[in-house]
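S.K.: So here's final05.cif, just mmCIF, C-alpha atoms and all ligand atoms:
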```cif
data_final
loop_
_atom_site.label_atom_id
_atom_site.label_comp_id
_atom_site.auth_asym_id
_atom_site.auth_seq_id
_atom_site.Cartn_x
_atom_site.Cartn_y
_atom_site.Cartn_z
CA MET R 1 82.93 139.45 97.89
CA SER R 2 85.03 137.06 95.87
CA LYS R 3 87.85 138.53 93.84
CA ASN R 4 89.44 137.09 90.77
CA VAL R 5 92.10 134.66 91.85
CA SER R 6 95.32 133.75 90.12
CA ILE R 7 95.79 130.01 90.39
CA ASP R 8 97.73 127.73 88.07
CA TRP R 9 94.93 125.18 87.68
CA SER R 10 97.28 122.64 86.12
CA LYS R 11 99.42 122.54 89.29
CA LEU R 12 96.63 121.78 91.76
CA GLY R 13 96.90 118.63 93.84
CA PHE R 14 94.80 117.69 96.87
CA ASP R 15 96.09 120.28 99.32
CA TYR R 16 94.37 122.71 101.66
CA MET R 17 93.97 126.23 100.37
CA LYS R 18 92.10 128.94 102.23
CA THR R 19 89.28 130.28 100.09
CA ASP R 20 87.25 133.41 100.82
CA LEU R 21 84.19 132.27 102.73
CA ARG R 22 82.89 129.24 104.61
CA TYR R 23 79.45 128.44 106.06
CA VAL R 24 78.97 127.96 109.81
CA SER R 25 75.83 127.03 111.74
CA ILE R 26 75.50 126.26 115.47
CA TRP R 27 73.09 123.85 117.16
CA LYS R 28 72.10 124.98 120.64
CA ASP R 29 69.05 124.45 122.87
CA GLY R 30 67.65 121.85 120.51
CA LYS R 31 67.89 123.68 117.19
CA TRP R 32 70.16 124.87 114.40
CA ASP R 33 70.58 128.62 113.89
CA ASP R 34 70.20 130.10 110.40
CA GLY R 35 73.89 129.77 109.62
CA LYS R 36 76.10 132.34 107.91
CA LEU R 37 79.16 132.80 105.73
CA VAL R 38 82.31 133.87 107.60
CA GLU R 39 85.79 134.93 106.52
CA ASP R 40 87.70 133.41 109.45
CA ASN R 41 88.99 129.88 108.74
CA LYS R 42 89.79 129.25 112.43
CA VAL R 43 87.28 127.44 114.64
CA THR R 44 87.46 128.46 118.30
CA ILE R 45 85.87 125.88 120.60
CA SER R 46 86.01 124.76 124.25
CA GLU R 47 89.02 122.63 125.16
CA ALA R 48 86.49 120.14 126.56
CA SER R 49 84.63 119.65 123.25
CA PRO R 50 83.69 115.96 122.74
CA ALA R 51 84.91 116.21 119.12
CA LEU R 52 88.46 116.61 120.45
CA HIS R 53 88.50 113.78 122.99
CA TYR R 54 85.89 111.24 122.02
CA GLY R 55 85.72 111.66 118.27
CA GLN R 56 82.13 112.90 118.17
CA GLN R 57 82.42 114.28 114.65
CA CYS R 58 81.69 113.30 111.08
CA PHE R 59 82.30 114.71 107.63
CA GLU R 60 81.42 114.57 103.95
CA GLY R 61 83.21 115.22 100.67
CA LEU R 62 81.69 116.33 97.37
CA LYS R 63 82.70 118.42 94.38
CA ALA R 64 81.46 121.34 92.30
CA TYR R 65 82.12 121.10 88.56
CA ARG R 66 82.41 123.83 85.88
CA THR R 67 80.59 122.89 82.71
CA LYS R 68 81.46 123.84 79.12
CA ASN R 69 78.97 126.72 79.14
CA GLY R 70 80.39 128.14 82.38
CA ASP R 71 77.70 126.90 84.78
CA ILE R 72 78.66 125.33 88.08
CA GLN R 73 77.00 122.11 89.20
CA LEU R 74 76.98 119.74 92.17
CA PHE R 75 76.78 115.96 91.82
CA ARG R 76 74.10 114.32 94.01
CA PRO R 77 74.49 116.57 97.10
CA ASP R 78 71.23 115.16 98.49
CA GLN R 79 73.00 111.81 98.83
CA ASN R 80 75.80 113.42 100.85
CA ALA R 81 73.19 115.13 103.06
CA GLN R 82 71.48 111.81 103.75
CA ARG R 83 74.74 110.01 104.47
CA LEU R 84 75.83 112.82 106.82
CA ASN R 85 72.60 112.32 108.71
CA ARG R 86 73.17 108.57 108.97
CA SER R 87 76.63 109.33 110.39
CA CYS R 88 75.10 111.84 112.82
CA ARG R 89 72.54 109.32 114.05
CA ARG R 90 75.22 106.68 114.65
CA ILE R 91 77.15 108.95 117.03
CA LEU R 92 74.16 110.77 118.57
CA MET R 93 74.55 114.12 116.84
CA PRO R 94 71.59 116.21 115.61
CA GLU R 95 70.70 115.80 111.92
CA ILE R 96 70.97 118.60 109.34
CA PRO R 97 67.81 119.11 107.26
CA VAL R 98 68.67 118.08 103.67
CA GLU R 99 67.63 121.51 102.31
CA LYS R 100 69.87 123.24 104.85
CA PHE R 101 72.83 121.07 103.81
CA ILE R 102 72.30 121.73 100.09
CA ASP R 103 71.74 125.45 100.71
CA ALA R 104 74.99 125.63 102.70
CA CYS R 105 76.89 123.96 99.85
CA MET R 106 75.31 126.31 97.29
CA GLN R 107 76.14 129.41 99.37
CA VAL R 108 79.77 128.31 99.75
CA VAL R 109 80.21 127.56 96.04
CA LYS R 110 78.62 130.88 95.01
CA ALA R 111 80.70 132.86 97.48
CA ASN R 112 83.88 131.22 96.19
CA ALA R 113 82.90 130.96 92.52
CA ASP R 114 86.25 132.38 91.38
CA TYR R 115 87.91 129.28 92.82
CA VAL R 116 85.88 126.87 90.72
CA PRO R 117 88.41 125.67 88.12
CA PRO R 118 87.63 126.27 84.43
CA TYR R 119 86.07 123.53 82.31
CA GLY R 120 88.67 121.43 80.56
CA THR R 121 91.32 121.55 83.29
CA GLY R 122 89.93 118.42 84.98
CA ALA R 123 90.19 120.33 88.27
CA THR R 124 87.17 120.83 90.56
CA LEU R 125 86.09 122.64 93.71
CA TYR R 126 86.11 120.17 96.63
CA LEU R 127 83.56 120.79 99.40
CA ARG R 128 84.16 119.56 102.92
CA PRO R 129 81.04 119.64 105.13
CA PHE R 130 81.54 118.52 108.74
CA VAL R 131 79.70 118.33 112.05
CA ILE R 132 81.52 118.39 115.40
CA GLY R 133 80.36 118.11 119.00
CA ILE R 134 81.44 121.23 120.90
CA GLY R 135 80.96 122.87 124.30
CA ASP R 136 82.02 122.29 127.89
CA ASN R 137 82.00 118.58 128.64
CA ILE R 138 84.26 116.01 130.26
CA GLY R 139 82.40 112.68 130.57
CA VAL R 140 81.83 110.32 127.64
CA LYS R 141 78.45 111.66 126.59
CA PRO R 142 76.97 113.62 123.67
CA ALA R 143 78.04 117.26 123.33
CA PRO R 144 75.82 120.08 124.59
CA GLU R 145 76.29 122.00 121.31
CA TYR R 146 77.25 121.26 117.70
CA LEU R 147 78.91 123.08 114.83
CA PHE R 148 78.09 122.37 111.18
CA SER R 149 80.42 123.93 108.66
CA VAL R 150 81.18 123.70 104.94
CA PHE R 151 84.42 124.94 103.44
CA CYS R 152 85.87 124.49 99.96
CA LEU R 153 89.11 124.44 98.03
CA PRO R 154 90.09 123.84 94.41
CA VAL R 155 91.67 120.43 93.75
CA GLY R 156 93.42 118.97 90.73
CA PRO R 157 92.37 115.90 88.80
CA TYR R 158 93.37 112.77 90.71
CA PHE R 159 95.56 111.64 87.82
CA LYS R 160 97.58 114.25 86.01
CA GLY R 161 98.37 113.05 82.52
CA GLY R 162 95.61 110.44 82.45
CA MET R 163 94.38 107.47 84.46
CA ALA R 164 97.03 104.97 85.48
CA PRO R 165 96.68 101.73 87.47
CA VAL R 166 98.24 101.44 90.93
CA ASN R 167 99.02 98.45 93.15
CA PHE R 168 97.63 97.65 96.60
CA THR R 169 98.46 95.24 99.40
CA ILE R 170 96.29 93.62 102.08
CA ALA R 171 96.02 95.65 105.30
CA ASP R 172 97.66 94.29 108.42
CA MET R 173 94.88 95.83 110.57
CA ASP R 174 91.10 96.35 110.42
CA ARG R 175 89.42 99.69 109.68
CA ALA R 176 86.08 98.68 111.18
CA ALA R 177 84.48 96.14 113.49
CA PRO R 178 81.56 93.91 112.41
CA GLN R 179 79.01 96.09 114.20
CA GLY R 180 81.19 99.17 114.59
CA THR R 181 81.23 102.51 112.79
CA GLY R 182 82.60 101.40 109.40
CA ALA R 183 79.47 102.54 107.55
CA ALA R 184 79.63 106.04 109.08
CA LYS R 185 81.96 108.78 107.83
CA VAL R 186 83.25 109.49 111.35
CA GLY R 187 86.73 110.78 112.12
CA GLY R 188 87.86 107.84 114.27
CA ASN R 189 87.77 105.45 111.31
CA TYR R 190 90.41 107.56 109.57
CA ALA R 191 92.74 108.00 112.55
CA GLY R 192 92.79 104.21 112.73
CA SER R 193 93.66 103.94 109.03
CA LEU R 194 96.80 106.09 109.17
CA LEU R 195 99.13 103.34 110.41
CA PRO R 196 98.02 100.55 108.04
CA HIS R 197 98.25 103.08 105.18
CA GLU R 198 101.78 103.98 106.20
CA ASN R 199 102.74 100.32 106.45
CA ALA R 200 101.44 99.73 102.91
CA ALA R 201 103.18 102.83 101.56
CA LYS R 202 106.50 101.75 103.11
CA LYS R 203 106.24 98.53 101.12
CA GLY R 204 105.75 100.57 97.94
CA PHE R 205 101.97 100.26 97.54
CA ALA R 206 99.50 103.06 96.89
CA ASP R 207 97.39 101.99 99.88
CA CYS R 208 95.99 98.91 101.58
CA ILE R 209 92.89 96.81 100.99
CA TYR R 210 90.79 96.08 104.06
CA LEU R 211 89.25 92.64 104.39
CA ASP R 212 86.04 91.94 106.30
CA PRO R 213 86.85 92.26 110.01
CA ALA R 214 85.09 89.04 111.08
CA THR R 215 86.79 86.48 108.81
CA HIS R 216 89.50 88.35 106.83
CA THR R 217 88.55 86.45 103.69
CA LYS R 218 86.56 89.05 101.70
CA ILE R 219 87.45 92.44 100.22
CA GLU R 220 85.73 95.40 101.89
CA GLU R 221 87.47 98.67 101.05
CA VAL R 222 90.45 100.02 99.14
CA GLY R 223 91.98 102.60 101.48
CA ALA R 224 89.28 105.28 101.76
CA ALA R 225 87.52 104.15 98.58
CA ASN R 226 85.14 101.33 97.61
CA PHE R 227 86.13 98.31 95.53
CA PHE R 228 84.63 97.07 92.27
CA GLY R 229 85.60 94.33 89.86
CA ILE R 230 84.54 93.51 86.31
CA THR R 231 84.12 89.76 85.87
CA LYS R 232 85.37 87.89 82.84
CA GLY R 233 81.70 87.51 81.90
CA GLY R 234 81.29 91.30 81.95
CA ALA R 235 79.44 91.91 85.25
CA PHE R 236 80.07 94.86 87.57
CA VAL R 237 80.63 93.40 91.04
CA THR R 238 81.08 95.22 94.33
CA PRO R 239 81.19 93.90 97.92
CA LYS R 240 78.17 93.99 100.20
CA SER R 241 78.83 94.48 103.90
CA ASP R 242 77.51 96.54 106.80
CA SER R 243 81.01 97.72 107.69
CA ILE R 244 81.75 99.34 104.30
CA LEU R 245 81.29 103.10 103.90
CA PRO R 246 78.53 103.35 101.26
CA SER R 247 80.23 105.31 98.49
CA ILE R 248 77.95 107.58 96.44
CA THR R 249 80.36 107.14 93.53
CA LYS R 250 79.97 103.34 93.85
CA TYR R 251 76.17 103.45 93.83
CA SER R 252 76.32 105.85 90.88
CA LEU R 253 78.63 103.47 88.97
CA MET R 254 76.29 100.57 89.71
CA TYR R 255 73.48 102.56 88.09
CA LEU R 256 75.60 103.61 85.11
CA ALA R 257 76.94 100.09 84.63
CA GLU R 258 73.39 98.75 84.44
CA HIS R 259 71.61 101.51 82.53
CA TYR R 260 74.32 103.12 80.38
CA LEU R 261 76.74 100.22 79.79
CA LYS R 262 74.09 97.47 79.97
CA LEU R 263 76.19 95.32 82.31
CA LYS R 264 74.93 92.92 84.93
CA VAL R 265 75.43 94.39 88.41
CA GLU R 266 76.03 92.33 91.54
CA GLU R 267 76.52 93.45 95.14
CA ARG R 268 77.99 90.37 96.82
CA ASP R 269 81.01 88.84 98.52
CA CYS R 270 84.38 89.27 96.82
CA PRO R 271 86.62 86.57 98.35
CA ILE R 272 90.32 87.45 98.35
CA ASP R 273 91.13 83.93 97.12
CA ALA R 274 88.88 84.34 94.04
CA LEU R 275 90.50 87.34 92.36
CA ASP R 276 90.90 85.57 89.03
CA GLN R 277 87.15 85.92 88.40
CA PHE R 278 87.88 89.60 87.59
CA SER R 279 89.38 90.87 84.36
CA GLU R 280 89.48 94.45 85.69
CA ALA R 281 89.30 96.03 89.13
CA GLY R 282 89.12 99.55 90.51
CA ALA R 283 88.68 101.78 93.53
CA CYS R 284 86.07 104.53 93.51
CA GLY R 285 85.19 107.62 95.52
CA THR R 286 84.72 111.36 95.16
CA ALA R 287 88.42 112.15 95.58
CA ALA R 288 89.78 109.15 93.64
CA VAL R 289 86.93 109.17 91.06
CA ILE R 290 87.96 105.79 89.60
CA THR R 291 91.43 104.48 90.34
CA PRO R 292 92.23 101.40 88.26
CA ILE R 293 93.78 98.63 90.37
CA GLY R 294 96.82 97.21 88.59
CA GLY R 295 97.41 94.40 91.05
CA ILE R 296 96.85 93.28 94.64
CA ASP R 297 99.66 91.81 96.71
CA VAL R 298 98.31 88.76 98.56
CA GLY R 299 100.87 87.16 100.85
CA GLY R 300 103.83 88.40 98.83
CA LYS R 301 102.41 87.46 95.43
CA LEU R 302 101.04 90.20 93.13
CA HIS R 303 97.76 89.29 91.46
CA VAL R 304 97.55 91.44 88.32
CA PHE R 305 94.09 92.18 86.85
CA TYR R 306 94.02 93.85 83.42
CA SER R 307 97.52 95.31 83.37
CA GLU R 308 99.92 97.12 85.70
CA THR R 309 100.27 99.96 83.21
CA GLU R 310 97.07 100.12 81.16
CA VAL R 311 93.46 100.81 81.99
CA GLY R 312 90.87 98.18 81.10
CA PRO R 313 88.14 99.06 78.56
CA VAL R 314 85.17 98.75 80.95
CA THR R 315 86.90 100.80 83.65
CA LYS R 316 87.66 103.46 81.04
CA LYS R 317 84.07 103.52 79.80
CA LEU R 318 82.69 103.82 83.34
CA TYR R 319 85.14 106.64 84.04
CA ASP R 320 84.25 108.56 80.87
CA THR R 321 80.52 108.20 81.56
CA LEU R 322 80.74 109.28 85.21
CA VAL R 323 83.07 112.21 84.58
CA GLY R 324 81.06 113.19 81.50
CA ILE R 325 77.95 113.47 83.67
CA GLN R 326 79.76 115.37 86.42
CA PHE R 327 81.07 117.99 83.98
CA GLY R 328 77.79 118.20 82.08
CA ASP R 329 78.90 116.55 78.82
CA VAL R 330 76.79 113.40 79.18
CA GLU R 331 73.11 113.45 80.04
CA ALA R 332 72.61 112.64 83.72
CA PRO R 333 69.96 110.41 85.25
CA GLU R 334 67.13 112.54 86.61
CA GLY R 335 67.89 114.31 89.89
CA TRP R 336 71.66 113.77 89.90
CA ILE R 337 72.73 117.29 88.94
CA TYR R 338 72.10 120.46 91.00
CA THR R 339 72.97 123.65 89.13
CA VAL R 340 74.38 126.35 91.41
CA LYS R 341 72.30 129.50 90.89
C1 LIG R 401 84.15 108.86 101.56
C2 LIG R 401 84.57 107.44 101.46
C3 LIG R 401 84.36 106.66 100.32
C4 LIG R 401 83.85 107.24 99.04
O1 LIG R 401 82.55 107.74 99.11
P1 LIG R 401 82.03 108.73 97.97
O2 LIG R 401 80.66 109.06 98.40
O3 LIG R 401 82.05 107.98 96.69
O4 LIG R 401 82.95 109.88 97.95
C5 LIG R 401 84.67 105.31 100.37
N1 LIG R 401 85.21 104.74 101.47
C6 LIG R 401 85.47 105.47 102.58
C7 LIG R 401 86.07 104.80 103.75
C8 LIG R 401 85.15 106.83 102.60
O5 LIG R 401 85.42 107.55 103.68
#
```
Is it possible to express this structure as structure tokens?

M.R.:
Amino acid sequence: MSKNVSIDWSKLGFDYMKTDLRYVSIWKDGKWDDGKLVEDNKVTISEASPALHYGQQCFEGLKAYRTKNGDIQLFRPDQNAQRLNRSCRRILMPEIPVEKFIDACMQVVKANADYVPPYGTGATLYLRPFVIGIGDNIGVKPAPEYLFSVFCLPVGPYFKGGMAPVNFTIADMDRAAPQGTGAAKVGGNYAGSLLPHENAAKKGFADCIYLDPATHTKIEEVGAANFFGITKGGAFVTPKSDSILPSITKYSLMYLAEHYLKLKVEERDCPIDALDQFSEAGACGTAAVITPIGGIDVGGKLHVFYSETEVGPVTKKLYDTLVGIQFGDVEAPEGWIYTVK
């Protein structure tokens, strides 16, 4: 059904574009229907849907990559399926069987294959799966019905013209509570992040760094990405906390740091007053891939890691290894790559 599309791949950013088909499945009377591909990109739901009033909704983000030989592959979609289900459990929504989730992603990529950017452009096809509580409801209680959908759009490389470090400041608000929903990819977390992001941007920073909500002494997240630092002794360090969103990119980098780069890996506290232990720092996630952190503004003073303009050697190596695997140029650990057939 897909036609050849004319897109200037080099001009893509991270903006919505309607592609040909999206997958939709409905949960009703205790079960999911078979799901189908539809052309309409509008979702028509009851005005009383809990997703609209009480934030009963969650989402995922993953990418499809075109390899050198023209194949299309997904990076660890099973991990996204499992995380979606953890989010669903946290806000009392029905889970999606992992095979159903992966099949939905595969169907959407195949149906929109013409939108998967060519190898070598650095651009990818971004997939956005989501689950929302729908149906007639007014009280604060779980929805009577649910919608699971996956749509996709081509996106450009995060950095045009190569990786470049950016600066961050400390958030003036929290994104999560100690036993709240920080570890779930639920919409409410992101509505709450819009204002602190804007405050950081107004001061000239790329985004804000969230500290732990209980003591405000330890780094948790970098905007909507996870934090990592490379110590002067050459260890890959990333914070451990129940209110961090567990980034699949982060756990992948931990594996690559240990097994491909032979670094020591530590998941532990990263106190904001001990930044000088790190010679490099970065933010990681599906959208950002790896964003090198130039410096962090702490109380009006910029702490610079490697450089404000240049990328550190370990960060660069991690980036090349991860992206090499995603585009099929570097051999992947077993089970990480799903070829779209
Ligand atoms: C999605 C997300 C990430 C990154 O997770 P990936 O699985 O690596 O894409 C990190 N932090 C937050 C808050 C997120 O929403």

S.K.: Any idea what's packed within 9 Å of R:Trp336, counting all atoms listed in the file, ignoring anything in its chain fewer than 2 positions away? Could you give it as a PDB file with C-alpha atoms, keeping the file's coordinate frame?

M.R.:
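result31.pdb, written as the output of this step:
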```
ATOM      1  CA  LEU R  74      76.980 119.740  92.170  1.00  0.00           C
ATOM      2  CA  PHE R  75      76.780 115.960  91.820  1.00  0.00           C
ATOM      3  CA  ARG R  76      74.100 114.320  94.010  1.00  0.00           C
ATOM      4  CA  PRO R  77      74.490 116.570  97.100  1.00  0.00           C
ATOM      5  CA  ASP R  78      71.230 115.160  98.490  1.00  0.00           C
ATOM      6  CA  ILE R 325      77.950 113.470  83.670  1.00  0.00           C
ATOM      7  CA  GLN R 326      79.760 115.370  86.420  1.00  0.00           C
ATOM      8  CA  ALA R 332      72.610 112.640  83.720  1.00  0.00           C
ATOM      9  CA  PRO R 333      69.960 110.410  85.250  1.00  0.00           C
ATOM     10  CA  GLU R 334      67.130 112.540  86.610  1.00  0.00           C
ATOM     11  CA  TYR R 338      72.100 120.460  91.000  1.00  0.00           C
TER      12      TYR R 338
END
```

S.K.: Hey, which residues sit close to ligand LIG 401 (chain R)? Say within 10 Å, counting all atoms listed in the file, and write them as number ranges by chain.

M.R.: R: 59-63, 76-77, 79-80, 83, 175-176, 182-187, 189-190, 193, 210, 220-227, 243-253, 283-290

S.K.: Can you tell me how far atom CA of R:Gln82 sits from atom CA of R:Val98, in Å to one decimal?

M.R.: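 Interatomic distance, atom CA of R:Gln82 to atom CA of R:Val98: 6.9 Å.
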
S.K.: As a compact mmCIF listing (two decimals) with C-alpha atoms, in the coordinates of the input, please: the residues near stretch 127-139 of chain R (cut-off 6 Å, only C-alpha atoms, same-chain neighbours under 4 positions excluded).

M.R.:
```txt
# COMPACT_ATOMS: atom_id res chain seq x y z
CA SER R 46 86.01 124.76 124.25
CA ALA R 48 86.49 120.14 126.56
CA SER R 49 84.63 119.65 123.25
CA PRO R 50 83.69 115.96 122.74
CA ALA R 51 84.91 116.21 119.12
CA GLN R 56 82.13 112.90 118.17
CA GLN R 57 82.42 114.28 114.65
CA CYS R 58 81.69 113.30 111.08
CA PHE R 59 82.30 114.71 107.63
CA GLU R 60 81.42 114.57 103.95
CA GLY R 61 83.21 115.22 100.67
CA LEU R 62 81.69 116.33 97.37
CA LYS R 63 82.70 118.42 94.38
CA ALA R 143 78.04 117.26 123.33
CA PRO R 144 75.82 120.08 124.59
CA GLU R 145 76.29 122.00 121.31
CA TYR R 146 77.25 121.26 117.70
CA LEU R 147 78.91 123.08 114.83
CA PHE R 148 78.09 122.37 111.18
CA SER R 149 80.42 123.93 108.66
CA VAL R 150 81.18 123.70 104.94
CA PHE R 151 84.42 124.94 103.44
CA CYS R 152 85.87 124.49 99.96
```

S.K.: So, with all atoms listed in the file as the atoms that count, which of R:Cys208, R:Pro165, R:Phe236, R:Ala257 lies closest to R:Tyr306?

M.R.: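 Answer, going by the shortest atom-to-atom distance: R:Pro165.
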
S.K.: Do you have the atom CA of R:Ala64-atom CA of R:Ile26 distance handy?

M.R.: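 Going from atom CA of R:Ala64 over to atom CA of R:Ile26, I get 24.4 Å.
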
S.K.: What's around R:Val166 at 12 Å? Count only C-alpha atoms, leave out sequence neighbours fewer than 2 positions away in its own chain, and write the answer as a PyMOL selection string.

M.R.: chain R and resi 159+163-164+168-169+201+204-208+222+281-283+288+290-297+302+304-311

S.K.: Suppose you want the space between atom CA of R:Ala81 and atom CA of R:Lys110; what is it in Å?

M.R.: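 According to the coordinates, atom CA of R:Ala81 and atom CA of R:Lys110 are separated by 18.5 Å.
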
S.K.: Skip R:Ile96 itself and residues of its chain fewer than 5 positions away, then list as an MDAnalysis selection string all residues within 8 Å of it, counting all atoms listed in the file.

M.R.: chainID R and resid 81 84:85 101

S.K.: Using all atoms listed in the file, find the one residue out of R:Glu198, R:Gly324, R:Gly188, R:Leu21 that sits nearest to R:Ser87.

M.R.: R:Gly188

S.K.: Do you know which residues are at most 12 Å from R:Asp273 counting only C-alpha atoms, after dropping those on the same chain fewer than 6 positions away, and could you put them as an MDAnalysis selection string?

M.R.: chainID R and resid 211 216:219 296:299 301 303

S.K.: Calculated over all atoms listed in the file, which of the candidates R:Thr67, R:Thr181, R:Pro313, R:Ala191 has the smallest distance to R:Cys88?

M.R.: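 Of the candidates, the smallest distance to R:Cys88 is held by R:Thr181.
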
S.K.: So, with only C-alpha atoms as the atoms that count, which of R:Lys36, R:Lys240, R:Lys203, R:Lys68 lies closest to R:Pro271?

M.R.: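 Counting only C-alpha atoms, the residue closest to R:Pro271 is R:Lys240.
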
S.K.: From the set R:Gly30, R:Gly229, R:Gly335, R:Pro213, which residue has the shortest atom-to-atom contact distance to R:Glu95, counting all atoms listed in the file?

M.R.: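 Going through R:Gly30, R:Gly229, R:Gly335, R:Pro213 one by one, the smallest distance to R:Glu95 is for R:Gly30.
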